[in-house]
$ cat data_5.txt   # compact mmCIF, C-alpha atoms
# COMPACT_ATOMS: atom_id res chain seq x y z
CA MET K 1 42.03 -7.19 16.01
CA ILE K 2 40.62 -10.67 16.62
CA GLY K 3 38.27 -9.16 19.21
CA THR K 4 37.04 -6.57 16.71
CA ILE K 5 36.33 -9.23 14.09
CA ALA K 6 34.56 -11.49 16.59
CA SER K 7 32.39 -8.71 17.98
CA ASN K 8 31.44 -7.54 14.46
CA VAL K 9 30.52 -11.05 13.34
CA LEU K 10 28.41 -11.54 16.46
CA ARG K 11 26.76 -8.17 15.93
CA ALA K 12 25.98 -9.05 12.31
CA LEU K 13 24.38 -12.37 13.27
CA ALA K 14 22.35 -10.86 16.10
CA LEU K 15 21.10 -7.86 14.13
CA VAL K 16 20.19 -9.83 10.99
CA LEU K 17 18.32 -12.43 13.06
CA VAL K 18 16.43 -9.75 14.99
CA GLN K 19 15.64 -8.08 11.68
CA VAL K 20 14.22 -11.08 9.83
CA MET K 21 12.56 -12.74 12.83
CA VAL K 22 11.03 -9.75 14.58
CA LEU K 23 11.36 -6.34 12.97
CA ASP K 24 10.30 -7.36 9.45
CA HIS K 25 6.95 -8.23 10.96
CA VAL K 26 6.44 -4.89 12.69
CA ASP K 27 4.10 -2.50 10.96
CA LEU K 28 3.37 0.76 12.70
CA LEU K 29 1.20 3.39 11.02
CA ASN K 30 -0.28 0.92 8.56
CA GLY K 31 3.08 -0.27 7.35
CA TYR K 32 4.52 3.17 6.69
CA ALA K 33 7.09 2.82 9.46
CA VAL K 34 9.15 -0.38 9.25
CA PRO K 35 12.45 -0.32 11.14
CA TYR K 36 15.53 -1.71 9.38
CA LEU K 37 17.78 -1.98 12.40
CA TYR K 38 20.26 -4.32 10.71
CA VAL K 39 21.94 -1.28 9.09
CA LEU K 40 23.36 -0.56 12.56
CA PHE K 41 25.87 -3.32 11.84
CA LEU K 42 27.11 -1.43 8.77
CA LEU K 43 27.12 1.86 10.69
CA MET K 44 29.37 0.34 13.37
CA LEU K 45 31.99 -1.22 11.09
CA PRO K 46 35.43 0.06 12.14
CA PHE K 47 37.03 3.14 10.55
CA GLU K 48 40.14 1.15 9.55
CA LEU K 49 38.17 -1.16 7.25
CA PRO K 50 39.26 -0.69 3.61
CA ALA K 51 36.60 0.46 1.15
CA TRP K 52 36.51 -2.79 -0.83
CA ALA K 53 35.88 -4.85 2.30
CA MET K 54 33.17 -2.43 3.39
CA LEU K 55 31.39 -2.80 0.03
CA ILE K 56 31.58 -6.60 -0.02
CA ILE K 57 30.45 -6.96 3.60
CA ALA K 58 27.51 -4.63 2.97
CA ALA K 59 26.44 -6.48 -0.19
CA ALA K 60 26.62 -9.83 1.63
CA THR K 61 24.56 -8.49 4.56
CA GLY K 62 21.89 -7.14 2.23
CA PHE K 63 21.86 -10.43 0.30
CA THR K 64 21.22 -12.36 3.53
CA VAL K 65 18.29 -10.14 4.51
CA ASP K 66 16.92 -10.54 0.95
CA LEU K 67 16.96 -14.33 1.30
CA PHE K 68 14.47 -14.10 4.14
CA GLY K 69 12.24 -11.48 2.58
CA ASN K 70 11.83 -13.02 -0.89
CA THR K 71 13.26 -9.85 -2.35
CA PRO K 72 16.44 -10.86 -4.21
CA GLY K 73 18.71 -7.89 -4.84
CA MET K 74 16.63 -5.25 -3.05
CA HIS K 75 18.41 -4.95 0.29
CA MET K 76 21.66 -5.92 -1.43
CA SER K 77 21.53 -2.88 -3.71
CA ALA K 78 20.46 -0.56 -0.88
CA CYS K 79 23.33 -1.79 1.34
CA THR K 80 25.86 -1.47 -1.48
CA VAL K 81 24.79 2.12 -2.13
CA MET K 82 24.89 2.86 1.58
CA ALA K 83 28.41 1.40 1.94
CA PHE K 84 29.65 3.48 -0.98
CA ALA K 85 28.09 6.58 0.57
CA ARG K 86 29.73 5.71 3.90
CA VAL K 87 33.21 5.47 2.35
CA HIS K 88 32.86 9.05 1.11
CA LEU K 89 30.99 10.32 4.16
CA LEU K 90 33.74 9.11 6.51
CA ARG K 91 36.25 11.10 4.44
CA VAL K 92 34.06 14.24 4.65
CA MET K 93 33.30 13.88 8.35
CA ALA K 94 36.87 13.07 9.45
CA PRO K 95 38.24 15.24 12.26
CA ARG K 96 41.09 17.58 11.22
CA GLU K 97 43.80 15.29 12.58
CA GLY K 98 42.14 12.12 11.26
CA TYR K 99 40.35 9.41 13.21
CA GLU K 100 42.01 8.52 16.47
CA PHE K 101 43.54 5.06 16.33
CA GLY K 102 41.21 2.47 17.83
CA ALA K 103 38.21 4.82 17.97
CA ARG K 104 34.89 3.19 17.12
CA PRO K 105 31.99 4.94 15.33
CA VAL K 106 29.83 4.92 18.46
CA ILE K 107 28.45 7.60 20.74
CA ALA K 108 30.94 6.79 23.50
CA ASP K 109 33.96 7.47 21.27
CA MET K 110 32.76 10.04 18.72
CA GLY K 111 30.07 11.97 20.58
CA LEU K 112 26.35 12.18 19.98
CA THR K 113 26.42 14.84 17.23
CA TRP K 114 28.90 12.99 15.04
CA THR K 115 27.23 9.59 15.51
CA ALA K 116 23.71 10.90 14.92
CA THR K 117 24.70 12.83 11.77
CA HIS K 118 26.61 9.85 10.41
CA ALA K 119 23.68 7.52 11.10
CA ALA K 120 20.98 9.89 9.83
CA VAL K 121 22.63 10.54 6.45
CA LEU K 122 23.33 6.86 5.78
CA VAL K 123 19.96 5.57 7.03
CA LEU K 124 18.19 8.10 4.77
CA VAL K 125 20.30 7.01 1.78
CA HIS K 126 19.59 3.34 2.51
CA HIS K 127 15.84 3.73 3.08
CA LEU K 128 15.27 6.07 0.13
CA TRP K 129 17.03 3.63 -2.19
CA LEU K 130 15.26 0.63 -0.65
CA PHE K 131 11.73 1.98 -0.91
CA THR K 132 12.30 3.40 -4.39
CA VAL K 133 13.55 0.04 -5.66
CA GLU K 134 10.78 -1.82 -3.81
CA LEU K 135 7.96 0.04 -5.52
CA PHE K 136 9.83 0.99 -8.71
CA ARG K 137 7.25 3.49 -9.90
CA TRP K 138 7.97 7.16 -10.39
CA ASP K 139 4.35 8.27 -10.22
CA ARG K 140 4.16 7.42 -6.52
CA MET K 141 7.33 9.07 -5.28
CA GLY K 142 5.41 11.02 -2.63
CA GLU K 143 4.47 7.79 -0.92
CA VAL K 144 8.04 6.51 -1.14
CA LEU K 145 9.33 9.71 0.47
CA LEU K 146 6.79 9.48 3.28
CA ARG K 147 7.73 5.85 3.93
CA THR K 148 11.41 6.79 3.85
CA LEU K 149 11.04 9.59 6.38
CA LEU K 150 8.85 7.69 8.84
CA SER K 151 10.85 4.46 8.65
CA ALA K 152 14.19 6.29 8.83
CA LEU K 153 13.03 8.05 11.99
CA PHE K 154 12.02 4.71 13.48
CA THR K 155 15.32 3.06 12.49
CA LEU K 156 17.37 5.97 13.83
CA VAL K 157 15.66 5.95 17.21
CA LEU K 158 16.22 2.19 17.49
CA CYS K 159 19.88 2.52 16.39
CA MET K 160 20.61 5.21 18.97
CA LEU K 161 18.81 3.32 21.74
CA ALA K 162 20.60 0.08 20.85
CA GLN K 163 23.95 1.87 20.96
CA LEU K 164 23.24 3.58 24.25
CA LEU K 165 22.08 0.36 25.83
CA ALA K 166 24.56 -2.11 24.39
CA THR K 167 27.98 -0.45 23.96
CA ARG K 168 30.39 -0.39 26.82
CA THR K 169 32.46 2.72 27.41
CA ARG K 170 36.09 1.79 27.40
CA PRO K 171 37.98 2.74 30.49
CA GLY K 172 40.36 5.68 30.08
CA ARG K 173 38.34 7.41 27.39
CA ALA K 174 36.42 10.63 27.73
CA MET C 1 49.04 1.75 -20.96
CA ARG C 2 50.57 2.22 -17.55
CA ASP C 3 48.51 5.34 -17.05
CA LEU C 4 45.40 3.33 -17.79
CA PHE C 5 46.28 0.76 -15.15
CA ARG C 6 47.10 3.50 -12.69
CA PHE C 7 43.73 5.09 -13.40
CA LEU C 8 41.89 1.79 -12.97
CA HIS C 9 43.75 1.21 -9.73
CA ARG C 10 42.75 4.62 -8.47
CA ILE C 11 39.04 4.10 -9.12
CA ARG C 12 39.02 0.41 -8.05
CA ASP C 13 36.57 1.00 -5.20
CA THR C 14 34.11 2.74 -7.49
CA LEU C 15 34.44 -0.12 -9.98
CA LEU C 16 33.74 -2.67 -7.23
CA PHE C 17 30.72 -0.60 -6.14
CA LEU C 18 29.34 -0.55 -9.68
CA ALA C 19 29.94 -4.30 -10.08
CA LEU C 20 28.08 -5.13 -6.83
CA LEU C 21 25.25 -2.79 -7.78
CA ALA C 22 24.99 -4.42 -11.20
CA LEU C 23 24.90 -7.87 -9.56
CA SER C 24 22.07 -6.83 -7.25
CA PHE C 25 20.10 -5.48 -10.21
CA VAL C 26 20.55 -8.78 -12.02
CA LEU C 27 19.06 -10.53 -8.96
CA LEU C 28 16.31 -7.92 -8.75
CA ALA C 29 15.32 -8.37 -12.40
CA GLY C 30 15.39 -12.17 -12.13
CA GLY C 31 13.40 -12.28 -8.90
CA ASN C 32 10.26 -10.84 -10.40
CA ARG C 33 10.07 -13.51 -13.04
CA TYR C 34 8.40 -16.57 -11.68
CA HIS C 35 10.73 -19.50 -11.23
CA ARG C 36 14.14 -18.06 -11.93
CA ALA C 37 15.07 -17.25 -8.37
CA ARG C 38 13.78 -20.46 -6.86
CA ALA C 39 16.99 -21.12 -4.97
CA LEU C 40 16.89 -17.57 -3.61
CA THR C 41 13.36 -17.50 -2.23
CA SER C 42 12.26 -18.36 1.26
CA SER C 43 11.12 -21.80 0.10
CA ASN C 44 14.82 -22.58 0.33
CA ALA C 45 15.10 -25.41 2.86
CA ALA C 46 17.42 -23.79 5.42
CA ILE C 47 15.48 -20.53 5.55
CA GLY C 48 12.19 -22.40 5.55
CA THR C 49 13.32 -24.34 8.60
CA LEU C 50 14.35 -21.15 10.41
CA MET C 51 11.00 -19.57 9.58
CA GLN C 52 9.26 -22.72 10.84
CA TRP C 53 10.96 -22.23 14.21
CA ARG C 54 9.82 -18.66 14.26
CA ALA C 55 6.26 -19.67 13.41
CA ASN C 56 6.30 -22.30 16.16
CA VAL C 57 6.91 -19.55 18.69
CA ALA C 58 4.82 -16.80 17.13
CA ASP C 59 1.81 -19.09 16.63
CA TYR C 60 0.93 -18.93 20.30
CA THR C 61 0.17 -15.24 20.13
CA GLY C 62 -2.61 -15.83 17.63
CA LEU C 63 -4.25 -18.97 19.03
CA ARG C 64 -7.34 -17.27 20.40
CA ALA C 65 -8.18 -15.52 17.14
CA GLN C 66 -7.27 -18.62 15.15
CA ASN C 67 -9.61 -20.81 17.17
CA GLN C 68 -12.40 -18.34 16.56
CA VAL C 69 -11.84 -18.43 12.79
CA LEU C 70 -11.71 -22.24 12.71
CA ALA C 71 -14.80 -22.55 14.88
CA GLU C 72 -16.72 -20.20 12.61
CA GLU C 73 -15.65 -22.20 9.61
CA ASN C 74 -16.65 -25.46 11.27
CA ALA C 75 -20.04 -23.97 11.98
CA ARG C 76 -20.42 -23.03 8.35
CA TRP C 77 -19.63 -26.55 7.17
CA ARG C 78 -21.88 -28.07 9.83
CA ASN C 79 -24.70 -25.97 8.43
CA ARG C 80 -24.11 -27.60 5.09
CA HIS C 81 -23.86 -31.12 6.43
CA VAL C 82 -26.61 -33.60 5.55
CA SER C 83 -27.56 -33.96 9.19
CA ALA C 84 -28.60 -30.31 9.30
CA TYR C 85 -31.32 -30.91 6.75
CA ALA C 86 -34.59 -32.73 6.84
CA PRO C 87 -36.41 -33.58 3.63
CA ALA C 88 -38.84 -30.83 2.68
CA GLU C 89 -41.44 -33.35 1.73
CA ASP C 90 -42.20 -36.60 3.38
CA LEU C 91 -40.71 -38.74 0.66
CA PHE C 92 -37.56 -40.77 0.37
CA VAL C 93 -35.36 -39.08 -2.14
CA ARG C 94 -32.22 -40.73 -3.30
CA ILE C 95 -29.76 -38.75 -5.31
CA ASN C 96 -27.31 -40.97 -7.08
CA ASP C 97 -25.12 -38.36 -8.63
CA THR C 98 -23.42 -39.40 -11.83
CA ILE C 99 -23.40 -36.03 -13.54
CA HIS C 100 -21.12 -34.20 -11.11
CA ARG C 101 -17.37 -34.61 -11.18
CA ARG C 102 -14.89 -33.32 -8.68
CA VAL C 103 -13.17 -30.30 -10.21
CA HIS C 104 -10.80 -29.16 -7.52
CA ALA C 105 -9.05 -30.53 -4.45
CA GLN C 106 -7.95 -28.54 -1.42
CA LEU C 107 -5.09 -29.05 0.96
CA ALA C 108 -4.81 -27.36 4.37
CA ALA C 109 -1.55 -25.50 4.98
CA LYS C 110 -0.18 -23.05 7.47
CA VAL C 111 1.40 -19.68 6.77
CA ILE C 112 4.77 -19.68 8.52
CA ASN C 113 6.13 -16.41 7.22
CA GLY C 114 4.62 -13.48 5.47
CA THR C 115 4.13 -9.76 5.19
CA ALA C 116 1.12 -7.57 4.52
CA HIS C 117 2.54 -4.09 4.86
CA LYS C 118 5.28 -4.09 2.23
CA GLN C 119 4.73 -2.71 -1.24
CA ARG C 120 5.08 -6.24 -2.65
CA ASN C 121 4.04 -8.99 -0.26
CA PHE C 122 4.89 -12.69 -0.11
CA LEU C 123 3.99 -15.63 2.13
CA THR C 124 5.66 -18.94 2.91
CA LEU C 125 3.59 -22.10 3.53
CA ASP C 126 4.62 -25.20 5.48
CA LYS C 127 3.60 -27.58 2.66
CA GLY C 128 5.65 -28.17 -0.47
CA ALA C 129 6.20 -30.48 -3.40
CA LYS C 130 6.04 -33.61 -1.20
CA ALA C 131 2.45 -32.70 -0.29
CA GLY C 132 1.58 -32.18 -3.95
CA VAL C 133 1.80 -28.40 -3.98
CA GLY C 134 3.04 -26.99 -7.28
CA PRO C 135 3.61 -23.59 -8.86
CA ASP C 136 0.56 -21.63 -10.07
CA MET C 137 -1.89 -23.11 -7.60
CA GLY C 138 -4.31 -20.77 -5.87
CA VAL C 139 -4.27 -20.22 -2.10
CA ILE C 140 -7.51 -19.34 -0.32
CA GLY C 141 -8.51 -18.64 3.25
CA PRO C 142 -11.79 -19.18 5.09
CA HIS C 143 -13.15 -15.81 3.98
CA GLY C 144 -11.50 -15.07 0.66
CA ILE C 145 -8.53 -15.49 -1.62
CA VAL C 146 -4.96 -15.19 -0.33
CA GLY C 147 -2.49 -15.60 -3.19
CA VAL C 148 -0.85 -17.78 -5.82
CA VAL C 149 1.99 -20.31 -5.29
CA ARG C 150 5.10 -19.09 -7.03
CA ALA C 151 7.76 -21.69 -6.22
CA VAL C 152 8.01 -24.86 -4.15
CA SER C 153 10.74 -26.82 -2.40
CA PRO C 154 10.16 -30.32 -0.98
CA HIS C 155 8.62 -29.03 2.26
CA PHE C 156 7.77 -25.38 1.70
CA ALA C 157 5.99 -23.20 -0.81
CA SER C 158 6.49 -19.53 -1.55
CA VAL C 159 3.30 -17.62 -2.35
CA ILE C 160 2.74 -14.25 -4.00
CA SER C 161 0.10 -12.56 -1.87
CA VAL C 162 -2.87 -10.82 -3.48
CA LEU C 163 -1.32 -7.77 -1.79
CA ASN C 164 1.20 -7.58 -4.60
CA PRO C 165 0.76 -5.59 -7.81
CA ASP C 166 2.32 -8.49 -9.74
CA VAL C 167 -0.78 -10.64 -9.19
CA ARG C 168 -3.95 -9.95 -11.16
CA THR C 169 -6.85 -12.23 -10.49
CA SER C 170 -9.90 -12.69 -12.68
CA VAL C 171 -12.97 -11.72 -10.62
CA GLN C 172 -16.64 -11.00 -11.23
CA LEU C 173 -19.62 -9.25 -9.68
CA ARG C 174 -21.73 -11.92 -7.97
CA ARG C 175 -24.99 -10.10 -8.72
CA THR C 176 -24.58 -9.39 -12.43
CA GLY C 177 -21.71 -11.59 -13.58
CA HIS C 178 -19.70 -8.72 -15.09
CA PHE C 179 -16.03 -9.56 -14.87
CA GLY C 180 -12.86 -7.60 -14.19
CA LEU C 181 -9.40 -7.90 -12.69
CA LEU C 182 -8.39 -7.67 -9.06
CA TYR C 183 -5.33 -5.47 -8.77
CA TRP C 184 -3.67 -4.29 -5.56
CA ASP C 185 -2.64 -0.65 -5.97
CA THR C 186 -4.19 0.78 -2.83
CA ASN C 187 -1.17 -0.01 -0.63
CA ASP C 188 -3.58 -0.80 2.18
CA PRO C 189 -3.74 -4.44 3.31
CA ARG C 190 -7.50 -4.15 3.83
CA THR C 191 -8.52 -2.95 0.36
CA ALA C 192 -7.79 -3.57 -3.32
CA SER C 193 -8.96 -2.29 -6.70
CA VAL C 194 -11.05 -3.99 -9.33
CA VAL C 195 -10.33 -2.70 -12.82
CA ASP C 196 -11.79 -3.42 -16.26
CA ILE C 197 -15.43 -3.74 -15.19
CA ALA C 198 -17.35 -2.19 -18.08
CA LYS C 199 -19.12 1.09 -17.40
CA HIS C 200 -22.57 -0.18 -18.37
CA ALA C 201 -22.51 -2.64 -15.46
CA HIS C 202 -24.59 -1.31 -12.57
CA VAL C 203 -22.23 -1.62 -9.63
CA GLN C 204 -23.41 -0.57 -6.18
CA PRO C 205 -21.52 -0.23 -2.91
CA GLY C 206 -22.03 -3.46 -0.97
CA ASP C 207 -21.96 -5.74 -4.03
CA THR C 208 -19.97 -8.93 -3.54
CA ILE C 209 -16.94 -9.57 -5.72
CA GLU C 210 -16.10 -13.25 -6.22
CA THR C 211 -13.58 -15.28 -8.21
CA ARG C 212 -14.45 -16.00 -11.80
CA GLY C 213 -12.80 -19.42 -11.88
CA GLY C 214 -11.50 -20.89 -15.07
CA ASP C 215 -8.03 -19.51 -14.58
CA GLY C 216 -6.95 -22.76 -12.93
CA LEU C 217 -6.12 -20.92 -9.71
CA PHE C 218 -9.25 -20.45 -7.62
CA PRO C 219 -12.59 -22.27 -7.50
CA ALA C 220 -15.35 -20.24 -9.15
CA GLY C 221 -17.51 -18.14 -6.87
CA TRP C 222 -15.14 -17.92 -3.91
CA PRO C 223 -15.60 -14.57 -2.11
CA VAL C 224 -12.97 -11.89 -2.65
CA GLY C 225 -14.36 -8.63 -1.32
CA VAL C 226 -17.20 -6.17 -1.01
CA VAL C 227 -17.47 -3.06 -3.17
CA GLU C 228 -16.70 0.05 -1.16
CA THR C 229 -16.38 2.98 -3.53
CA ILE C 230 -16.96 3.43 -7.26
CA GLU C 231 -15.11 6.23 -9.00
CA PRO C 232 -16.21 7.31 -12.46
CA GLN C 233 -13.21 7.19 -14.74
CA PRO C 234 -13.40 10.34 -16.83
CA GLY C 235 -13.25 9.48 -20.53
CA GLY C 236 -12.71 5.78 -19.85
CA ASN C 237 -14.90 2.80 -20.54
CA TYR C 238 -14.45 1.18 -17.16
CA HIS C 239 -15.32 1.71 -13.52
CA ASP C 240 -12.62 2.38 -10.95
CA ILE C 241 -13.75 0.25 -8.03
CA THR C 242 -12.22 -0.07 -4.57
CA ILE C 243 -13.21 -3.14 -2.60
CA ARG C 244 -12.74 -4.22 0.99
CA LEU C 245 -11.07 -7.66 1.03
CA THR C 246 -13.07 -10.22 2.99
CA GLU C 247 -9.96 -12.14 4.01
CA ASP C 248 -7.92 -10.42 6.72
CA MET C 249 -4.55 -10.50 5.00
CA THR C 250 -2.75 -9.20 8.05
CA ARG C 251 -3.55 -12.37 9.95
CA ASN C 252 -3.92 -15.58 7.99
CA GLY C 253 -2.76 -18.62 9.89
CA HIS C 254 -4.50 -21.52 8.17
CA VAL C 255 -5.09 -21.50 4.44
CA TYR C 256 -6.02 -23.98 1.70
CA VAL C 257 -4.03 -24.70 -1.42
CA VAL C 258 -6.37 -25.32 -4.36
CA LYS C 259 -5.50 -27.84 -7.04
CA ASP C 260 -7.59 -27.51 -10.18
CA LEU C 261 -8.14 -31.08 -11.39
CA GLN C 262 -9.18 -30.04 -14.89
CA ARG C 263 -6.39 -27.65 -15.48
CA ALA C 264 -4.25 -29.76 -17.82
CA GLU C 265 -7.23 -30.47 -20.06
CA ARG C 266 -8.29 -26.83 -20.26
CA ASP C 267 -4.78 -25.54 -20.75
CA SER C 268 -4.08 -27.91 -23.61
CA LEU C 269 -7.34 -26.96 -25.31
CA GLN C 270 -6.65 -23.24 -24.95
CA GLN C 271 -3.09 -23.71 -26.10
CA ALA C 272 -4.20 -25.58 -29.20
CA HIS C 273 -6.28 -22.57 -30.21
CA THR C 274 -4.02 -19.71 -29.27
CA GLY C 275 -0.58 -21.33 -29.52
CA PRO C 276 1.94 -20.66 -32.29

$ encode --input "data_5.txt" --output "structure tokens"
Amino acid sequence: MIGTIASNVLRALALVLVQVMVLDHVDLLNGYAVPYLYVLFLLMLPFELPAWAMLIIAAATGFTVDLFGNTPGMHMSACTVMAFARVHLLRVMAPREGYEFGARPVIADMGLTWTATHAAVLVLVHHLWLFTVELFRWDRMGEVLLRTLLSALFTLVLCMLAQLLATRTRPGRA
Amino acid sequence: MRDLFRFLHRIRDTLLFLALLALSFVLLAGGNRYHRARALTSSNAAIGTLMQWRANVADYTGLRAQNQVLAEENARWRNRHVSAYAPAEDLFVRINDTIHRRVHAQLAAKVINGTAHKQRNFLTLDKGAKAGVGPDMGVIGPHGIVGVVRAVSPHFASVISVLNPDVRTSVQLRRTGHFGLLYWDTNDPRTASVVDIAKHAHVQPGDTIETRGGDGLFPAGWPVGVVETIEPQPGGNYHDITIRLTEDMTRNGHVYVVKDLQRAERDSLQQAHTGP
């Protein structure tokens, strides 16, 4: 329990710092692909977390990223929407006998298909909301969609790589 | 009554979601107005300090290019220096200038954080209120305009970049003097649009666009960009012009904050005639 909290706090700090110090300044394809890796922290929050805590943690994370980007409310709203989507998505994607106790939402525990689907849906929700709110103009939705797709792809690849490289497989688990 | 409470209890997570979303929209709406969100912007001291650390490291990657820019600028000023000129005629000419007044002052600052590829871009400078920087001062670079100061803290200033559709700068054609507004809707950090230039103005590709001055932000005649394409606007009275910005907004290290020394006088005059 304490270990889970400590590792999540550390992960939050590391990912948000990497985001605001490095990734926010990356612009591939003329700025159409910007990775928002910090959402990996929200994707890896434990299954047992109650919905209210999930929502508040997500809002606080988004708020912190906003502080650095001069964009009050933008990431906060995107993260809140993503957390709400995750609460429902976890219910939909639950295995028939429920989540195994102690399982983490990572490739090592849940398999590649489950983790990738879970991440793809939520990253798309987050990015679509983020870019729509950022521009806030309906007449340029095509551009927003293009940004969403390219950036989401970038974020997803980074998320999967980060998981593969940084999570340990627990002994005694298939 | 008990059913109502039971219902509220059942949808408590949705209610919390809606409350957080509403809160973020309140922040979002406040942030676009100028000074409201001062405490929330990156001129905030703690975040400014963190960004300063980042800049201290990241600066090294741009030193070569930065030196080049500064050297070019030095060369330009050297060309203007008295020592570069000899009198055209063999006479002693003394100009004791009592009819020129200083109209603006400039302060060198460094960009420590900023974006150019977002849909609304901002910069943070390493000079703030203690150096005399205040809101609504223009920021220029060696080759063109950069943005407008939006909020300041004692040691940092937050700047709205010209790559932000919320900034519209008064500009004019250097050749003919026709004026219009610079407006960034191209979503490309290298170009911008100039709107509201009347159709009877003869604009040609290659024309220089410069600041108009008089808005209290930028000195008059500072370069902004070069006309690239001119689209006829069907049925409209104005040209649709795309320009190439002369300042490389994806890489501005050193910039100058411009303080208009006559601003208070002009503002009070204009207010007296248009005010309530």

$ interface_residues --input "data_5.txt" --of "chain C" --to "chain K" --cutoff "8 Å" --atoms "all atoms listed in the file" --output "list in words"
Asp13, Thr14, Leu16, Phe17, Leu20, Leu21, Leu23, Ser24, Phe25, Val26, Leu27, Leu28, Gly31, Ala37, Leu40, Thr41, Ser42, Ile47, Met51, Arg54, Gly114, Thr115, His117, Lys118, Gln119, Arg120, Phe122 and Asp188 of chain C

$ write_last_selection --input "data_5.txt" --atoms "C-alpha atoms" --output "PDB file, in the frame of the given file"
ATOM      1  CA  ASP C  13      36.570   1.000  -5.200  1.00  0.00           C
ATOM      2  CA  THR C  14      34.110   2.740  -7.490  1.00  0.00           C
ATOM      3  CA  LEU C  16      33.740  -2.670  -7.230  1.00  0.00           C
ATOM      4  CA  PHE C  17      30.720  -0.600  -6.140  1.00  0.00           C
ATOM      5  CA  LEU C  20      28.080  -5.130  -6.830  1.00  0.00           C
ATOM      6  CA  LEU C  21      25.250  -2.790  -7.780  1.00  0.00           C
ATOM      7  CA  LEU C  23      24.900  -7.870  -9.560  1.00  0.00           C
ATOM      8  CA  SER C  24      22.070  -6.830  -7.250  1.00  0.00           C
ATOM      9  CA  PHE C  25      20.100  -5.480 -10.210  1.00  0.00           C
ATOM     10  CA  VAL C  26      20.550  -8.780 -12.020  1.00  0.00           C
ATOM     11  CA  LEU C  27      19.060 -10.530  -8.960  1.00  0.00           C
ATOM     12  CA  LEU C  28      16.310  -7.920  -8.750  1.00  0.00           C
ATOM     13  CA  GLY C  31      13.400 -12.280  -8.900  1.00  0.00           C
ATOM     14  CA  ALA C  37      15.070 -17.250  -8.370  1.00  0.00           C
ATOM     15  CA  LEU C  40      16.890 -17.570  -3.610  1.00  0.00           C
ATOM     16  CA  THR C  41      13.360 -17.500  -2.230  1.00  0.00           C
ATOM     17  CA  SER C  42      12.260 -18.360   1.260  1.00  0.00           C
ATOM     18  CA  ILE C  47      15.480 -20.530   5.550  1.00  0.00           C
ATOM     19  CA  MET C  51      11.000 -19.570   9.580  1.00  0.00           C
ATOM     20  CA  ARG C  54       9.820 -18.660  14.260  1.00  0.00           C
ATOM     21  CA  GLY C 114       4.620 -13.480   5.470  1.00  0.00           C
ATOM     22  CA  THR C 115       4.130  -9.760   5.190  1.00  0.00           C
ATOM     23  CA  HIS C 117       2.540  -4.090   4.860  1.00  0.00           C
ATOM     24  CA  LYS C 118       5.280  -4.090   2.230  1.00  0.00           C
ATOM     25  CA  GLN C 119       4.730  -2.710  -1.240  1.00  0.00           C
ATOM     26  CA  ARG C 120       5.080  -6.240  -2.650  1.00  0.00           C
ATOM     27  CA  PHE C 122       4.890 -12.690  -0.110  1.00  0.00           C
ATOM     28  CA  ASP C 188      -3.580  -0.800   2.180  1.00  0.00           C
TER      29      ASP C 188
END

$ atom_distance --input "data_5.txt" --atom1 "CA of Thr117 (chain K)" --atom2 "CA of Leu18 (chain C)"
25.7 Å

$ residues_near_point --input "data_5.txt" --point "(0.0, -34.0, 1.1)" --cutoff "12 Å" --atoms "all atoms listed in the file" --output "number ranges by chain"
C: 105-109, 126-134, 154-156, 256-257, 259

$ residues_around --input "data_5.txt" --residues "Gln163 (chain K)" --least-positions-apart "5" --cutoff "12 Å" --atoms "only C-alpha atoms" --output "list in words"
Arg11, Leu37, Leu40, Phe41, Leu43, Met44, Arg104, Pro105, Val106, Ile107, Ala108, Asp109, Gly111, Leu112, Thr115, Ala116, Ala119, Leu156, Val157, Leu158, Arg168 and Thr169 of chain K

$ atom_distance --input "data_5.txt" --atom1 "CA of Thr208 (chain C)" --atom2 "CA of Gln172 (chain C)"
8.6 Å

$ atom_distance --input "data_5.txt" --atom1 "CA of Asn56 (chain C)" --atom2 "CA of Ile112 (chain C)"
8.2 Å

$ residues_around --input "data_5.txt" --residues "region 214-230 of chain C" --least-positions-apart "4" --cutoff "6 Å" --atoms "only C-alpha atoms" --output "number ranges by chain"
C: 137-138, 144-145, 205-210, 240-246, 260, 263

$ write_last_selection --input "data_5.txt" --atoms "C-alpha atoms" --output "compact mmCIF listing (two decimals), in the frame of the given file"
# COMPACT_ATOMS: atom_id res chain seq x y z
CA MET C 137 -1.89 -23.11 -7.60
CA GLY C 138 -4.31 -20.77 -5.87
CA GLY C 144 -11.50 -15.07 0.66
CA ILE C 145 -8.53 -15.49 -1.62
CA PRO C 205 -21.52 -0.23 -2.91
CA GLY C 206 -22.03 -3.46 -0.97
CA ASP C 207 -21.96 -5.74 -4.03
CA THR C 208 -19.97 -8.93 -3.54
CA ILE C 209 -16.94 -9.57 -5.72
CA GLU C 210 -16.10 -13.25 -6.22
CA ASP C 240 -12.62 2.38 -10.95
CA ILE C 241 -13.75 0.25 -8.03
CA THR C 242 -12.22 -0.07 -4.57
CA ILE C 243 -13.21 -3.14 -2.60
CA ARG C 244 -12.74 -4.22 0.99
CA LEU C 245 -11.07 -7.66 1.03
CA THR C 246 -13.07 -10.22 2.99
CA ASP C 260 -7.59 -27.51 -10.18
CA ARG C 263 -6.39 -27.65 -15.48

$ closest_residue --input "data_5.txt" --among "C:Asn67, C:Asn121, C:Gln233, C:Thr61" --to "Asn187 (chain C)" --atoms "all atoms listed in the file"
C:Asn121

$ residues_near_point --input "data_5.txt" --point "(-7.9, -2.2, -4.5)" --cutoff "6 Å" --atoms "all atoms listed in the file" --output "PyMOL selection string"
chain C and resi 183-186+191-193+242-243
